[in-house]
Amino acid sequence: MIELTFLGTGTSTGVPVIGCDCHVCRSPDPRDVRLRSSVVVRSEHTTVLVDTSPDLRQQMLRQPVERIDGILFTHAHSDHTAGLDELRRYNYLQQEHLPVWANSATLADITRRFDYVFKDSYPVYGVIPDLTLHEIDTDPFHVGDIEVIPVPVMHGRLPILGYRFGSIAYLTDVKSIPESSMPLLEGLDVLILTALRRTPHPAHLSLDEALVVAESIHPRHTLFTHVAHDMGRYDEVAPELPAGFDLASDGMRVTVNPEHDDARRVRIELDPYPVRSHS
């Protein structure tokens, strides 16, 4: 069984956006409150964090995660890495190094931007993050009992990674998917994919583009993430989507149990304790 929880489903500005008075940013619907994008993936014995958003502390207080067995990075942009310092709390709680996996370009950027982390200046856990770095390419690997399959995708002109966990694929910040990656996405129960807004963007899929990509992959369910306030309110967008498609929201939990029959195989639950925006 694999369980994925959305810690954040917003784009780099989050929603509400600072200084914005649009009807989305003023929405009282908790599904329109979006922290920066990140997810946590769990099996029975292992917990994996994907990206350390600038909102990581808030996310972990809201959706408590008692332990982290490994961190995966999709790419090095600040909205996916700027919360890295918060990992030191898990070093303290677990009294051990935390392993990190990313491609070579992302690791190089992280070591440059967070150089203080890698100077090993303190003899105790918890003062700064204590991380062990593991370079990955396209080969599958394991974090505990979770098999991780890297999925190369394009973020505009930047090659980045999505990840597949069992029959769930998490592809954020996507503009296009190379043909060579499509076989890695066969037989999905759940596809999680970027849909930034309704109008085109040079580095992210628009809603119409994301629908086309998802339909070419044929998952059982598709959830759109990395959503901007430009998309519109949840109650405006969701009714327009085809069956089997939805906008992800912060705190949403997706569980896939391959031992169940088709009707009970996938469970998608909303956050039972949503946070409302300020109207």
# chains A, B, ... in the order shown; residues from 1 in each chain; ligands from 1
call {"tool": "residues_around", "arguments": {"residues": "Gln58 of chain A", "least_positions_apart": "6", "cutoff": "12 Å", "atoms": "only C-alpha atoms", "output": "PyMOL selection string"}}
result
chain A and resi 7-8+34-36+38+52+64-65+83+86+250+275
call {"tool": "select_by_dssp", "arguments": {"residues": "segment 110-207 of chain A", "states": "alpha helix (DSSP H)", "output": "ChimeraX atom specification"}}
result
/A:110-113,207
call {"tool": "write_last_selection", "arguments": {"atoms": "N, CA and C atoms", "output": "PDB file, in the first residue's frame"}}
result
ATOM      1  N   ILE A 110      22.101  22.753  -4.695  1.00  0.00           N
ATOM      2  CA  ILE A 110      21.839  22.695  -3.254  1.00  0.00           C
ATOM      3  C   ILE A 110      23.120  22.891  -2.461  1.00  0.00           C
ATOM      4  N   THR A 111      24.200  22.249  -2.855  1.00  0.00           N
ATOM      5  CA  THR A 111      25.452  22.382  -2.105  1.00  0.00           C
ATOM      6  C   THR A 111      26.017  23.791  -2.213  1.00  0.00           C
ATOM      7  N   ARG A 112      25.746  24.474  -3.305  1.00  0.00           N
ATOM      8  CA  ARG A 112      26.210  25.855  -3.455  1.00  0.00           C
ATOM      9  C   ARG A 112      25.358  26.812  -2.628  1.00  0.00           C
ATOM     10  N   ARG A 113      24.040  26.672  -2.694  1.00  0.00           N
ATOM     11  CA  ARG A 113      23.145  27.608  -2.023  1.00  0.00           C
ATOM     12  C   ARG A 113      23.071  27.377  -0.516  1.00  0.00           C
ATOM     13  N   LEU A 207      -4.066  24.247 -18.072  1.00  0.00           N
ATOM     14  CA  LEU A 207      -5.089  23.246 -17.789  1.00  0.00           C
ATOM     15  C   LEU A 207      -5.424  22.432 -19.040  1.00  0.00           C
TER      16      LEU A 207
END
call {"tool": "closest_atom_pairs", "arguments": {"of": "segment 79-173 of chain A", "to": "segment 69-72 of chain A", "cutoff": "6 Å", "atoms": "only C-alpha atoms", "output": "CSV"}}
result
residue,atom,partner,partner_atom,distance
A:Pro99,CA,A:Gly70,CA,5.1
A:Val100,CA,A:Ile71,CA,4.8
A:Trp101,CA,A:Leu72,CA,4.9
call {"tool": "select_by_dssp", "arguments": {"residues": "segment 6-131 of chain A", "states": "strand (DSSP E or B)", "output": "ChimeraX atom specification"}}
result
/A:6-8,10,15,34,36,38-42,47-50,70-72,98-102,131
call {"tool": "residues_around", "arguments": {"residues": "Ile160 of chain A", "least_positions_apart": "2", "cutoff": "8 Å", "atoms": "only C-alpha atoms", "output": "VMD selection string"}}
result
chain A and resid 74 to 75 103 152 to 155 158 162
call {"tool": "write_last_selection", "arguments": {"atoms": "N, CA and C atoms", "output": "PDB file, in the first residue's frame"}}
result
ATOM      1  N   THR A  74      12.824  17.260  -6.850  1.00  0.00           N
ATOM      2  CA  THR A  74      12.483  17.278  -8.273  1.00  0.00           C
ATOM      3  C   THR A  74      13.429  18.185  -9.044  1.00  0.00           C
ATOM      4  N   HIS A  75      13.769  19.342  -8.447  1.00  0.00           N
ATOM      5  CA  HIS A  75      14.694  20.296  -9.051  1.00  0.00           C
ATOM      6  C   HIS A  75      15.036  21.333  -7.984  1.00  0.00           C
ATOM      7  N   ASN A 103      19.096  14.661  -8.940  1.00  0.00           N
ATOM      8  CA  ASN A 103      20.030  14.549 -10.059  1.00  0.00           C
ATOM      9  C   ASN A 103      21.250  15.440  -9.818  1.00  0.00           C
ATOM     10  N   PRO A 152      12.132  11.373 -15.993  1.00  0.00           N
ATOM     11  CA  PRO A 152      12.619  12.639 -16.569  1.00  0.00           C
ATOM     12  C   PRO A 152      11.501  13.393 -17.287  1.00  0.00           C
ATOM     13  N   VAL A 153      11.380  14.684 -16.965  1.00  0.00           N
ATOM     14  CA  VAL A 153      10.404  15.569 -17.609  1.00  0.00           C
ATOM     15  C   VAL A 153      11.087  16.910 -17.874  1.00  0.00           C
ATOM     16  N   MET A 154      10.414  17.775 -18.606  1.00  0.00           N
ATOM     17  CA  MET A 154      10.974  19.078 -18.935  1.00  0.00           C
ATOM     18  C   MET A 154      10.162  20.182 -18.265  1.00  0.00           C
ATOM     19  N   HIS A 155      10.867  21.059 -17.556  1.00  0.00           N
ATOM     20  CA  HIS A 155      10.291  22.258 -16.926  1.00  0.00           C
ATOM     21  C   HIS A 155      10.714  23.432 -17.804  1.00  0.00           C
ATOM     22  N   LEU A 158      14.379  23.242 -18.858  1.00  0.00           N
ATOM     23  CA  LEU A 158      15.168  22.645 -17.784  1.00  0.00           C
ATOM     24  C   LEU A 158      14.782  21.183 -17.578  1.00  0.00           C
ATOM     25  N   GLY A 162      10.386  13.847 -12.207  1.00  0.00           N
ATOM     26  CA  GLY A 162       9.214  13.432 -11.464  1.00  0.00           C
ATOM     27  C   GLY A 162       9.527  12.071 -10.874  1.00  0.00           C
TER      28      GLY A 162
END
call {"tool": "closest_residue", "arguments": {"among": "A:Leu184, A:Ala76, A:Val41, A:Leu193", "to": "Glu215 of chain A", "atoms": "only C-alpha atoms"}}
result
A:Leu193
call {"tool": "residues_around", "arguments": {"residues": "Asp262 of chain A", "least_positions_apart": "6", "cutoff": "12 Å", "atoms": "only C-alpha atoms", "output": "list of chain:residue names"}}
result
A:Asp189, A:Arg220, A:Val256
call {"tool": "write_last_selection", "arguments": {"atoms": "N, CA and C atoms", "output": "compact mmCIF listing (two decimals), in the first residue's frame"}}
result
# COMPACT_ATOMS: atom_id res chain seq x y z
N ASP A 189 -2.54 4.05 -11.55
CA ASP A 189 -3.82 4.30 -10.89
C ASP A 189 -4.05 5.79 -10.71
N ARG A 220 -6.14 5.89 -14.07
CA ARG A 220 -7.50 5.76 -13.54
C ARG A 220 -7.98 7.11 -13.01
N VAL A 256 -3.40 3.96 -2.42
CA VAL A 256 -3.58 2.90 -3.40
C VAL A 256 -3.19 1.58 -2.74
call {"tool": "atom_distance", "arguments": {"atom1": "atom CA of Pro200 of chain A", "atom2": "atom CA of Ile268 of chain A"}}
result
28.5 Å
call {"tool": "closest_atom_pairs", "arguments": {"of": "segment 142-248 of chain A", "to": "segment 1-6 of chain A", "cutoff": "12 Å", "atoms": "only C-alpha atoms", "output": "JSON lines"}}
result
{"residue": "A:Asp145", "atom": "CA", "partner": "A:Ile2", "partner_atom": "CA", "distance": 10.4}
{"residue": "A:Ile146", "atom": "CA", "partner": "A:Ile2", "partner_atom": "CA", "distance": 8.4}
{"residue": "A:Glu147", "atom": "CA", "partner": "A:Ile2", "partner_atom": "CA", "distance": 10.4}
{"residue": "A:Val148", "atom": "CA", "partner": "A:Ile2", "partner_atom": "CA", "distance": 11.6}
{"residue": "A:Arg164", "atom": "CA", "partner": "A:Ile2", "partner_atom": "CA", "distance": 10.9}
{"residue": "A:Phe165", "atom": "CA", "partner": "A:Ile2", "partner_atom": "CA", "distance": 7.4}
{"residue": "A:Gly166", "atom": "CA", "partner": "A:Ile2", "partner_atom": "CA", "distance": 7.1}
{"residue": "A:Ser167", "atom": "CA", "partner": "A:Ile2", "partner_atom": "CA", "distance": 8.5}
{"residue": "A:Ile168", "atom": "CA", "partner": "A:Ile2", "partner_atom": "CA", "distance": 8.1}
{"residue": "A:Ala169", "atom": "CA", "partner": "A:Leu4", "partner_atom": "CA", "distance": 10.1}
{"residue": "A:Tyr170", "atom": "CA", "partner": "A:Leu4", "partner_atom": "CA", "distance": 9.5}
{"residue": "A:Thr172", "atom": "CA", "partner": "A:Phe6", "partner_atom": "CA", "distance": 12.0}
{"residue": "A:Asp189", "atom": "CA", "partner": "A:Ile2", "partner_atom": "CA", "distance": 11.2}
{"residue": "A:Val190", "atom": "CA", "partner": "A:Leu4", "partner_atom": "CA", "distance": 10.3}
{"residue": "A:Leu191", "atom": "CA", "partner": "A:Leu4", "partner_atom": "CA", "distance": 11.6}
{"residue": "A:Ile192", "atom": "CA", "partner": "A:Phe6", "partner_atom": "CA", "distance": 10.3}
{"residue": "A:Leu223", "atom": "CA", "partner": "A:Phe6", "partner_atom": "CA", "distance": 10.7}
{"residue": "A:Phe224", "atom": "CA", "partner": "A:Phe6", "partner_atom": "CA", "distance": 11.1}
{"residue": "A:Thr225", "atom": "CA", "partner": "A:Phe6", "partner_atom": "CA", "distance": 9.0}
{"residue": "A:His226", "atom": "CA", "partner": "A:Phe6", "partner_atom": "CA", "distance": 10.7}
{"residue": "A:Leu247", "atom": "CA", "partner": "A:Phe6", "partner_atom": "CA", "distance": 11.4}
{"residue": "A:Ala248", "atom": "CA", "partner": "A:Phe6", "partner_atom": "CA", "distance": 7.7}
call {"tool": "write_last_selection", "arguments": {"atoms": "C-alpha atoms", "output": "compact mmCIF listing (two decimals), in the first residue's frame"}}
result
# COMPACT_ATOMS: atom_id res chain seq x y z
CA ASP A 145 10.59 -0.55 1.27
CA ILE A 146 9.44 2.07 -1.27
CA GLU A 147 10.66 1.61 -4.83
CA VAL A 148 11.29 4.97 -6.49
CA ARG A 164 6.74 7.07 -9.61
CA PHE A 165 5.82 5.18 -6.44
CA GLY A 166 4.00 1.95 -7.23
CA SER A 167 1.05 3.01 -9.38
CA ILE A 168 1.22 6.71 -8.36
CA ALA A 169 3.25 9.19 -10.40
CA TYR A 170 4.08 12.68 -9.11
CA THR A 172 5.21 18.71 -10.87
CA ASP A 189 -3.82 4.30 -10.89
CA VAL A 190 -3.10 7.95 -10.05
CA LEU A 191 -1.31 10.62 -12.09
CA ILE A 192 -0.44 13.86 -10.30
CA LEU A 223 -5.08 15.16 -9.86
CA PHE A 224 -3.73 18.55 -10.91
CA THR A 225 -1.22 20.37 -8.69
CA HIS A 226 1.12 23.41 -8.72
CA LEU A 247 -7.74 19.68 -8.64
CA ALA A 248 -5.61 18.49 -5.74
